[in-house]
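**Q** PDB, C-alpha atoms and all ligand atoms, file model04.pdb:
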```pdb
ATOM      1  CA  MET A  21     158.731  79.239 -89.375  1.00  0.00           C
ATOM      2  CA  ILE A  22     159.694  82.899 -89.849  1.00  0.00           C
ATOM      3  CA  GLN A  23     156.462  83.947 -88.080  1.00  0.00           C
ATOM      4  CA  GLU A  24     157.350  81.710 -85.155  1.00  0.00           C
ATOM      5  CA  SER A  25     160.819  83.313 -84.977  1.00  0.00           C
ATOM      6  CA  ALA A  26     159.251  86.800 -84.850  1.00  0.00           C
ATOM      7  CA  ARG A  27     158.168  86.108 -81.256  1.00  0.00           C
ATOM      8  CA  THR A  28     161.769  86.431 -80.077  1.00  0.00           C
ATOM      9  CA  GLY A  29     163.471  88.151 -82.990  1.00  0.00           C
ATOM     10  CA  ILE A  30     163.054  90.872 -85.599  1.00  0.00           C
ATOM     11  CA  VAL A  31     162.251  89.681 -89.119  1.00  0.00           C
ATOM     12  CA  GLN A  32     164.773  91.150 -91.545  1.00  0.00           C
ATOM     13  CA  LYS A  33     164.274  92.776 -94.966  1.00  0.00           C
ATOM     14  CA  ASP A  34     164.886  89.477 -96.730  1.00  0.00           C
ATOM     15  CA  LYS A  35     161.868  87.985 -94.872  1.00  0.00           C
ATOM     16  CA  GLU A  36     163.959  84.852 -94.435  1.00  0.00           C
ATOM     17  CA  THR A  37     166.149  85.652 -91.429  1.00  0.00           C
ATOM     18  CA  VAL A  38     165.787  87.399 -88.076  1.00  0.00           C
ATOM     19  CA  ALA A  39     167.894  89.525 -85.747  1.00  0.00           C
ATOM     20  CA  LEU A  40     168.193  88.331 -82.165  1.00  0.00           C
ATOM     21  CA  ILE A  41     169.015  90.897 -79.489  1.00  0.00           C
ATOM     22  CA  PRO A  42     169.763  89.352 -76.078  1.00  0.00           C
ATOM     23  CA  GLU A  43     169.001  91.399 -72.982  1.00  0.00           C
ATOM     24  CA  ILE A  44     172.176  93.135 -71.821  1.00  0.00           C
ATOM     25  CA  LYS A  45     171.130  95.463 -69.041  1.00  0.00           C
ATOM     26  CA  PHE A  46     172.770  98.894 -69.292  1.00  0.00           C
ATOM     27  CA  GLY A  47     175.480  97.545 -71.587  1.00  0.00           C
ATOM     28  CA  MET A  48     177.130  95.589 -68.770  1.00  0.00           C
ATOM     29  CA  MET A  49     178.553  92.217 -69.803  1.00  0.00           C
ATOM     30  CA  THR A  50     180.628  89.398 -68.382  1.00  0.00           C
ATOM     31  CA  PRO A  51     183.328  87.319 -70.116  1.00  0.00           C
ATOM     32  CA  ASP A  52     180.821  84.420 -70.061  1.00  0.00           C
ATOM     33  CA  ASP A  53     178.255  86.502 -71.986  1.00  0.00           C
ATOM     34  CA  LEU A  54     180.835  87.452 -74.599  1.00  0.00           C
ATOM     35  CA  GLU A  55     182.039  83.873 -74.986  1.00  0.00           C
ATOM     36  CA  LYS A  56     178.508  82.551 -75.453  1.00  0.00           C
ATOM     37  CA  ILE A  57     177.733  85.200 -78.066  1.00  0.00           C
ATOM     38  CA  ALA A  58     180.970  84.427 -79.898  1.00  0.00           C
ATOM     39  CA  ALA A  59     180.297  80.672 -79.717  1.00  0.00           C
ATOM     40  CA  VAL A  60     176.777  80.805 -81.188  1.00  0.00           C
ATOM     41  CA  SER A  61     177.891  83.320 -83.819  1.00  0.00           C
ATOM     42  CA  ARG A  62     180.576  80.913 -85.036  1.00  0.00           C
ATOM     43  CA  LYS A  63     178.490  77.756 -84.717  1.00  0.00           C
ATOM     44  CA  TYR A  64     175.449  79.136 -86.571  1.00  0.00           C
ATOM     45  CA  GLU A  65     177.489  81.304 -88.972  1.00  0.00           C
ATOM     46  CA  ILE A  66     175.707  84.516 -88.033  1.00  0.00           C
ATOM     47  CA  PRO A  67     176.854  87.013 -90.668  1.00  0.00           C
ATOM     48  CA  VAL A  68     176.441  90.334 -88.801  1.00  0.00           C
ATOM     49  CA  ILE A  69     177.134  91.190 -85.144  1.00  0.00           C
ATOM     50  CA  LYS A  70     176.213  94.790 -84.371  1.00  0.00           C
ATOM     51  CA  ILE A  71     176.335  96.906 -81.206  1.00  0.00           C
ATOM     52  CA  THR A  72     173.025  98.762 -80.898  1.00  0.00           C
ATOM     53  CA  SER A  73     172.228 102.253 -79.663  1.00  0.00           C
ATOM     54  CA  ALA A  74     170.499 100.612 -76.683  1.00  0.00           C
ATOM     55  CA  GLN A  75     173.834  99.177 -75.443  1.00  0.00           C
ATOM     56  CA  ARG A  76     173.022  95.663 -76.622  1.00  0.00           C
ATOM     57  CA  ILE A  77     174.475  93.296 -79.238  1.00  0.00           C
ATOM     58  CA  ALA A  78     172.328  92.323 -82.217  1.00  0.00           C
ATOM     59  CA  LEU A  79     172.901  88.999 -83.960  1.00  0.00           C
ATOM     60  CA  VAL A  80     171.644  89.689 -87.473  1.00  0.00           C
ATOM     61  CA  GLY A  81     170.846  87.230 -90.244  1.00  0.00           C
ATOM     62  CA  VAL A  82     169.857  84.261 -88.066  1.00  0.00           C
ATOM     63  CA  LYS A  83     168.064  81.422 -89.823  1.00  0.00           C
ATOM     64  CA  PRO A  84     164.659  80.626 -88.244  1.00  0.00           C
ATOM     65  CA  GLU A  85     165.564  76.972 -87.723  1.00  0.00           C
ATOM     66  CA  HIS A  86     168.455  78.045 -85.454  1.00  0.00           C
ATOM     67  CA  VAL A  87     166.552  80.514 -83.267  1.00  0.00           C
ATOM     68  CA  GLU A  88     165.424  78.163 -80.528  1.00  0.00           C
ATOM     69  CA  ALA A  89     168.836  76.503 -80.153  1.00  0.00           C
ATOM     70  CA  ILE A  90     170.617  79.862 -80.059  1.00  0.00           C
ATOM     71  CA  TRP A  91     168.424  81.149 -77.211  1.00  0.00           C
ATOM     72  CA  GLU A  92     168.972  77.927 -75.330  1.00  0.00           C
ATOM     73  CA  GLU A  93     172.738  78.055 -75.771  1.00  0.00           C
ATOM     74  CA  LEU A  94     172.912  81.740 -74.864  1.00  0.00           C
ATOM     75  CA  GLY A  95     170.801  81.246 -71.750  1.00  0.00           C
ATOM     76  CA  MET A  96     169.687  84.877 -72.141  1.00  0.00           C
ATOM     77  CA  GLU A  97     166.303  86.564 -72.575  1.00  0.00           C
ATOM     78  CA  PRO A  98     165.298  88.593 -75.648  1.00  0.00           C
ATOM     79  CA  GLY A  99     166.110  92.167 -74.734  1.00  0.00           C
ATOM     80  CA  HIS A 100     164.773  94.546 -77.345  1.00  0.00           C
ATOM     81  CA  GLY A 101     161.280  96.029 -77.355  1.00  0.00           C
ATOM     82  CA  LEU A 102     159.254  93.273 -78.953  1.00  0.00           C
ATOM     83  CA  GLY A 103     156.169  95.462 -79.191  1.00  0.00           C
ATOM     84  CA  THR A 104     155.749  97.577 -76.069  1.00  0.00           C
ATOM     85  CA  GLY A 105     156.948  97.809 -72.476  1.00  0.00           C
ATOM     86  CA  LEU A 106     160.213  99.022 -71.009  1.00  0.00           C
ATOM     87  CA  ASN A 107     162.250  99.289 -74.182  1.00  0.00           C
ATOM     88  CA  TYR A 108     165.550 100.017 -72.523  1.00  0.00           C
ATOM     89  CA  ILE A 109     167.418 101.867 -69.846  1.00  0.00           C
ATOM     90  CA  LYS A 110     170.581 103.339 -71.251  1.00  0.00           C
ATOM     91  CA  ALA A 111     172.990 104.084 -68.435  1.00  0.00           C
ATOM     92  CA  CYS A 112     176.416 105.674 -68.471  1.00  0.00           C
ATOM     93  CA  PRO A 113     179.211 104.111 -66.335  1.00  0.00           C
ATOM     94  CA  GLY A 114     178.762 106.723 -63.597  1.00  0.00           C
ATOM     95  CA  GLU A 115     180.871 106.927 -60.479  1.00  0.00           C
ATOM     96  CA  ALA A 116     181.572 103.170 -60.551  1.00  0.00           C
ATOM     97  CA  VAL A 117     183.829 103.550 -63.591  1.00  0.00           C
ATOM     98  CA  CYS A 118     184.006 107.109 -64.960  1.00  0.00           C
ATOM     99  CA  ARG A 119     186.491 109.571 -63.451  1.00  0.00           C
ATOM    100  CA  LEU A 120     183.911 112.363 -63.830  1.00  0.00           C
ATOM    101  CA  GLY A 121     181.103 110.345 -62.231  1.00  0.00           C
ATOM    102  CA  GLN A 122     179.230 111.990 -59.377  1.00  0.00           C
ATOM    103  CA  ARG A 123     176.432 109.464 -58.775  1.00  0.00           C
ATOM    104  CA  ASP A 124     175.893 105.712 -59.176  1.00  0.00           C
ATOM    105  CA  SER A 125     174.018 105.660 -62.496  1.00  0.00           C
ATOM    106  CA  LEU A 126     174.351 101.880 -62.940  1.00  0.00           C
ATOM    107  CA  GLY A 127     172.956 101.171 -59.477  1.00  0.00           C
ATOM    108  CA  MET A 128     170.120 103.611 -60.065  1.00  0.00           C
ATOM    109  CA  ALA A 129     169.373 102.058 -63.470  1.00  0.00           C
ATOM    110  CA  GLU A 130     169.032  98.667 -61.752  1.00  0.00           C
ATOM    111  CA  ARG A 131     166.598 100.083 -59.179  1.00  0.00           C
ATOM    112  CA  ILE A 132     164.515 101.756 -61.908  1.00  0.00           C
ATOM    113  CA  TYR A 133     164.469  98.539 -63.952  1.00  0.00           C
ATOM    114  CA  ASP A 134     163.148  96.607 -60.942  1.00  0.00           C
ATOM    115  CA  VAL A 135     160.359  99.163 -60.424  1.00  0.00           C
ATOM    116  CA  VAL A 136     159.276  99.775 -64.014  1.00  0.00           C
ATOM    117  CA  LYS A 137     159.681  96.381 -65.704  1.00  0.00           C
ATOM    118  CA  PRO A 138     157.024  94.573 -63.608  1.00  0.00           C
ATOM    119  CA  MET A 139     154.488  97.363 -64.247  1.00  0.00           C
ATOM    120  CA  GLY A 140     153.892  96.009 -67.762  1.00  0.00           C
ATOM    121  CA  ILE A 141     153.153  99.405 -69.286  1.00  0.00           C
ATOM    122  CA  GLU A 142     151.818  99.061 -72.826  1.00  0.00           C
ATOM    123  CA  SER A 143     153.937 101.683 -74.510  1.00  0.00           C
ATOM    124  CA  LYS A 144     157.566 101.947 -75.497  1.00  0.00           C
ATOM    125  CA  ILE A 145     159.566 103.536 -72.692  1.00  0.00           C
ATOM    126  CA  LYS A 146     163.205 104.535 -72.976  1.00  0.00           C
ATOM    127  CA  PHE A 147     165.232 105.807 -70.042  1.00  0.00           C
ATOM    128  CA  GLY A 148     168.609 107.551 -70.105  1.00  0.00           C
ATOM    129  CA  VAL A 149     170.436 107.582 -66.764  1.00  0.00           C
ATOM    130  CA  SER A 150     173.683 109.492 -66.228  1.00  0.00           C
ATOM    131  CA  GLY A 151     176.051 109.907 -63.317  1.00  0.00           C
ATOM    132  CA  CYS A 152     176.769 113.602 -63.920  1.00  0.00           C
ATOM    133  CA  PRO A 153     175.271 116.585 -65.801  1.00  0.00           C
ATOM    134  CA  LEU A 154     177.301 115.809 -68.951  1.00  0.00           C
ATOM    135  CA  ALA A 155     174.570 113.233 -69.449  1.00  0.00           C
ATOM    136  CA  CYS A 156     176.271 110.640 -71.656  1.00  0.00           C
ATOM    137  CA  GLY A 157     173.166 108.448 -71.079  1.00  0.00           C
ATOM    138  CA  GLU A 158     171.380 110.928 -73.410  1.00  0.00           C
ATOM    139  CA  GLY A 159     168.373 111.328 -71.141  1.00  0.00           C
ATOM    140  CA  ILE A 160     167.394 114.668 -72.658  1.00  0.00           C
ATOM    141  CA  ILE A 161     166.180 112.839 -75.794  1.00  0.00           C
ATOM    142  CA  ARG A 162     164.555 109.885 -73.997  1.00  0.00           C
ATOM    143  CA  ASP A 163     161.054 109.431 -72.607  1.00  0.00           C
ATOM    144  CA  ILE A 164     162.619 109.809 -69.182  1.00  0.00           C
ATOM    145  CA  GLY A 165     166.038 111.329 -68.573  1.00  0.00           C
ATOM    146  CA  ILE A 166     167.895 111.282 -65.285  1.00  0.00           C
ATOM    147  CA  PHE A 167     171.259 112.690 -64.242  1.00  0.00           C
ATOM    148  CA  GLY A 168     172.984 113.084 -60.901  1.00  0.00           C
ATOM    149  CA  LYS A 169     175.087 115.736 -59.186  1.00  0.00           C
ATOM    150  CA  LYS A 170     177.154 115.009 -56.110  1.00  0.00           C
ATOM    151  CA  SER A 171     176.111 118.205 -54.329  1.00  0.00           C
ATOM    152  CA  THR A 172     172.366 118.274 -54.977  1.00  0.00           C
ATOM    153  CA  GLY A 173     171.239 114.809 -56.107  1.00  0.00           C
ATOM    154  CA  TRP A 174     169.189 113.624 -59.060  1.00  0.00           C
ATOM    155  CA  THR A 175     167.286 115.569 -61.739  1.00  0.00           C
ATOM    156  CA  ILE A 176     164.521 113.891 -63.755  1.00  0.00           C
ATOM    157  CA  GLN A 177     163.389 115.123 -67.177  1.00  0.00           C
ATOM    158  CA  ILE A 178     160.423 113.833 -69.165  1.00  0.00           C
ATOM    159  CA  GLY A 179     159.059 113.945 -72.695  1.00  0.00           C
ATOM    160  CA  GLY A 180     162.253 113.820 -74.733  1.00  0.00           C
ATOM    161  CA  ASN A 181     162.535 111.939 -77.994  1.00  0.00           C
ATOM    162  CA  SER A 182     164.951 111.450 -80.887  1.00  0.00           C
ATOM    163  CA  GLY A 183     164.179 110.606 -84.488  1.00  0.00           C
ATOM    164  CA  LEU A 184     161.487 112.165 -86.682  1.00  0.00           C
ATOM    165  CA  ASN A 185     159.632 113.721 -83.756  1.00  0.00           C
ATOM    166  CA  ALA A 186     162.671 115.082 -81.942  1.00  0.00           C
ATOM    167  CA  ARG A 187     161.935 116.819 -78.651  1.00  0.00           C
ATOM    168  CA  LEU A 188     164.017 117.815 -75.634  1.00  0.00           C
ATOM    169  CA  GLY A 189     162.862 116.575 -72.249  1.00  0.00           C
ATOM    170  CA  GLU A 190     161.834 119.081 -69.586  1.00  0.00           C
ATOM    171  CA  VAL A 191     162.675 119.025 -65.879  1.00  0.00           C
ATOM    172  CA  LEU A 192     159.982 117.362 -63.776  1.00  0.00           C
ATOM    173  CA  ALA A 193     161.854 117.417 -60.454  1.00  0.00           C
ATOM    174  CA  LYS A 194     165.382 117.977 -59.154  1.00  0.00           C
ATOM    175  CA  ASP A 195     167.544 117.787 -56.030  1.00  0.00           C
ATOM    176  CA  LEU A 196     166.277 114.291 -55.219  1.00  0.00           C
ATOM    177  CA  ASP A 197     168.078 111.674 -53.159  1.00  0.00           C
ATOM    178  CA  ASP A 198     168.017 108.033 -54.324  1.00  0.00           C
ATOM    179  CA  ASP A 199     164.765 107.071 -52.604  1.00  0.00           C
ATOM    180  CA  GLN A 200     163.024 110.294 -53.621  1.00  0.00           C
ATOM    181  CA  LEU A 201     163.950 109.672 -57.241  1.00  0.00           C
ATOM    182  CA  ILE A 202     162.542 106.137 -57.131  1.00  0.00           C
ATOM    183  CA  ASP A 203     159.376 107.540 -55.558  1.00  0.00           C
ATOM    184  CA  VAL A 204     158.985 110.108 -58.376  1.00  0.00           C
ATOM    185  CA  VAL A 205     159.637 107.459 -61.053  1.00  0.00           C
ATOM    186  CA  THR A 206     157.041 105.155 -59.471  1.00  0.00           C
ATOM    187  CA  LYS A 207     154.416 107.927 -59.264  1.00  0.00           C
ATOM    188  CA  LEU A 208     155.128 109.086 -62.806  1.00  0.00           C
ATOM    189  CA  MET A 209     154.923 105.598 -64.299  1.00  0.00           C
ATOM    190  CA  THR A 210     151.703 104.858 -62.405  1.00  0.00           C
ATOM    191  CA  TYR A 211     150.172 108.128 -63.613  1.00  0.00           C
ATOM    192  CA  TYR A 212     151.321 107.422 -67.167  1.00  0.00           C
ATOM    193  CA  LYS A 213     149.910 103.888 -67.116  1.00  0.00           C
ATOM    194  CA  GLU A 214     146.534 105.114 -65.842  1.00  0.00           C
ATOM    195  CA  ASN A 215     146.181 108.058 -68.250  1.00  0.00           C
ATOM    196  CA  MET A 216     147.988 107.158 -71.470  1.00  0.00           C
ATOM    197  CA  LYS A 217     146.241 106.334 -74.726  1.00  0.00           C
ATOM    198  CA  ALA A 218     147.181 103.041 -76.371  1.00  0.00           C
ATOM    199  CA  LYS A 219     150.924 102.995 -77.088  1.00  0.00           C
ATOM    200  CA  GLU A 220     151.181 106.748 -76.500  1.00  0.00           C
ATOM    201  CA  ARG A 221     154.825 107.750 -76.122  1.00  0.00           C
ATOM    202  CA  MET A 222     155.825 110.148 -73.365  1.00  0.00           C
ATOM    203  CA  TYR A 223     156.700 112.952 -75.811  1.00  0.00           C
ATOM    204  CA  ARG A 224     153.047 113.002 -76.912  1.00  0.00           C
ATOM    205  CA  PHE A 225     151.637 112.275 -73.457  1.00  0.00           C
ATOM    206  CA  VAL A 226     153.316 115.270 -71.761  1.00  0.00           C
ATOM    207  CA  PRO A 227     151.759 117.986 -73.962  1.00  0.00           C
ATOM    208  CA  ARG A 228     148.379 116.222 -74.048  1.00  0.00           C
ATOM    209  CA  MET A 229     148.241 116.235 -70.233  1.00  0.00           C
ATOM    210  CA  GLY A 230     148.881 119.980 -70.176  1.00  0.00           C
ATOM    211  CA  GLY A 231     152.664 120.062 -69.949  1.00  0.00           C
ATOM    212  CA  VAL A 232     155.238 119.318 -67.270  1.00  0.00           C
ATOM    213  CA  GLU A 233     153.796 121.792 -64.771  1.00  0.00           C
ATOM    214  CA  ALA A 234     150.383 120.077 -64.876  1.00  0.00           C
ATOM    215  CA  ILE A 235     151.986 116.656 -64.448  1.00  0.00           C
ATOM    216  CA  ARG A 236     154.078 117.924 -61.546  1.00  0.00           C
ATOM    217  CA  GLN A 237     150.887 119.069 -59.813  1.00  0.00           C
ATOM    218  CA  ALA A 238     149.062 115.840 -60.599  1.00  0.00           C
ATOM    219  CA  LEU A 239     151.896 113.871 -58.968  1.00  0.00           C
ATOM    220  CA  GLY A 240     151.862 116.105 -55.890  1.00  0.00           C
ATOM    221  CA  LEU A 241     155.419 117.330 -56.489  1.00  0.00           C
ATOM    222  CA  GLU A 242     154.648 121.019 -55.931  1.00  0.00           C
TER     223      GLU A 242
HETATM  224  S1  LIG B   1     177.595 111.354 -67.850  1.00  0.00           S
HETATM  225 FE1  LIG B   1     179.295 111.945 -66.543  1.00  0.00          FE
HETATM  226  S2  LIG B   1     179.601 110.124 -65.247  1.00  0.00           S
HETATM  227 FE2  LIG B   1     178.460 109.472 -67.020  1.00  0.00          FE
HETATM  228  S3  LIG B   1     179.998 108.762 -68.497  1.00  0.00           S
HETATM  229 FE3  LIG B   1     179.482 110.904 -68.975  1.00  0.00          FE
HETATM  230  S4  LIG B   1     181.054 112.070 -67.930  1.00  0.00           S
HETATM  231 FE4  LIG B   1     181.048 110.026 -66.987  1.00  0.00          FE
END
```
What would you get if you wrote out this structure as structure tokens?

**A**
Amino acid sequence: MIQESARTGIVQKDKETVALIPEIKFGMMTPDDLEKIAAVSRKYEIPVIKITSAQRIALVGVKPEHVEAIWEELGMEPGHGLGTGLNYIKACPGEAVCRLGQRDSLGMAERIYDVVKPMGIESKIKFGVSGCPLACGEGIIRDIGIFGKKSTGWTIQIGGNSGLNARLGEVLAKDLDDDQLIDVVTKLMTYYKENMKAKERMYRFVPRMGGVEAIRQALGLE
């Protein structure tokens, strides 16, 4: 049964329970979402509820026999990177909420999600999207980092990573309006999908393709 649960959850160290991480896009939640999470946590006596670095909530220590019912009662999709594909878009509140916001990072995150998710790219991809250069979305250490400035528009950085292979992203393009940014993201993701090795993360892909300058030329951004 634990193997069956691994399709929608992460098997824990004890090999007897799983963690379920519902999709919560960009950390934005409704009172209904919170109430459902609280209700299943009480009903199924989930021992650990943890906010993740990807702006989601992990329900940890779920018994395999409860997994199906919990998903049904939540009415939410599994959100974490079960294998590959768009792992997450971390977005700061941006001009919708933050007093320092200069651009609509949440709106842009939604547009990027709608473009990238259906592409079904077979590698982990993490975005960080921020509404000003302070970059609370941490894009500089993500596969793709984006931040906005009121005066000049969006900047996109690529090839960043955190963890054991830490690397800072480098600027691919800047001074982009909303549609131009979506165009660059679409071209970049298409190029990545066509040229990547199996499961190759962006921080390895960028140097293998000859660096940011070579990718910029390949995308026709010069
Ligand atoms: S990056 Fe800027 S807009 Fe976004 S939360 Fe930080 S200060 Fe606010």

**Q** So which residues get picked by the PyMOL selection byres (((chain A and resi 22) around 10) and not hetatm) here, written as a list of chain:residue names?

**A**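 This file, filtered by the PyMOL selection byres (((chain A and resi 22) around 10) and not hetatm), leaves A:Met21, A:Gln23, A:Glu24, A:Ser25, A:Ala26, A:Arg27, A:Gly29, A:Ile30, A:Val31, A:Gln32, A:Lys35, A:Glu36, A:Thr37, A:Val38, A:Lys83, A:Pro84, A:Glu85, A:Val87.
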
**Q** For Glu220 in chain A, which residue out of A:Gly127, A:Gly47, A:Gly105, A:Gly157 is the nearest one, using only C-alpha atoms?

**A**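 Ranked by minimum distance to Glu220 in chain A, first place goes to A:Gly105.
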
**Q** Taking the file above as input, evaluate the PyMOL selection byres (((not hetatm)) within 8 of (chain B and resi 1)) and report the hits as an MDAnalysis selection string.

**A** chainID A and resid 111:115 117:123 125 150:157 167

**Q** Considering all atoms listed in the file, can you say which of A:Gly240, A:Pro51, A:Ile71, A:Leu40 comes closest to His86 in chain A?

**A**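 The closest residue to His86 in chain A is A:Leu40.
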
**Q** Care to translate the PyMOL selection byres (((chain A and resi 170-185) around 8) and not hetatm) into actual residues of this file, as a CSV table (one decimal) with C-alpha atoms, in the coordinates of the input?

**A**
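selection.csv, written as the output of this step:
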```csv
chain,number,residue,atom,x,y,z
A,122,GLN,CA,179.2,112.0,-59.4
A,123,ARG,CA,176.4,109.5,-58.8
A,152,CYS,CA,176.8,113.6,-63.9
A,159,GLY,CA,168.4,111.3,-71.1
A,160,ILE,CA,167.4,114.7,-72.7
A,161,ILE,CA,166.2,112.8,-75.8
A,162,ARG,CA,164.6,109.9,-74.0
A,163,ASP,CA,161.1,109.4,-72.6
A,164,ILE,CA,162.6,109.8,-69.2
A,165,GLY,CA,166.0,111.3,-68.6
A,166,ILE,CA,167.9,111.3,-65.3
A,167,PHE,CA,171.3,112.7,-64.2
A,168,GLY,CA,173.0,113.1,-60.9
A,169,LYS,CA,175.1,115.7,-59.2
A,186,ALA,CA,162.7,115.1,-81.9
A,187,ARG,CA,161.9,116.8,-78.7
A,188,LEU,CA,164.0,117.8,-75.6
A,189,GLY,CA,162.9,116.6,-72.2
A,190,GLU,CA,161.8,119.1,-69.6
A,191,VAL,CA,162.7,119.0,-65.9
A,192,LEU,CA,160.0,117.4,-63.8
A,193,ALA,CA,161.9,117.4,-60.5
A,194,LYS,CA,165.4,118.0,-59.2
A,195,ASP,CA,167.5,117.8,-56.0
A,196,LEU,CA,166.3,114.3,-55.2
A,197,ASP,CA,168.1,111.7,-53.2
A,198,ASP,CA,168.0,108.0,-54.3
A,201,LEU,CA,164.0,109.7,-57.2
A,222,MET,CA,155.8,110.1,-73.4
A,223,TYR,CA,156.7,113.0,-75.8
A,224,ARG,CA,153.0,113.0,-76.9
A,225,PHE,CA,151.6,112.3,-73.5
A,226,VAL,CA,153.3,115.3,-71.8
A,232,VAL,CA,155.2,119.3,-67.3
```

**Q** Quote the spacing between CA of Lys144 in chain A and CA of Lys110 in chain A in Å to one decimal place.

**A**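 Separating CA of Lys144 in chain A from CA of Lys110 in chain A is a distance of 13.8 Å.
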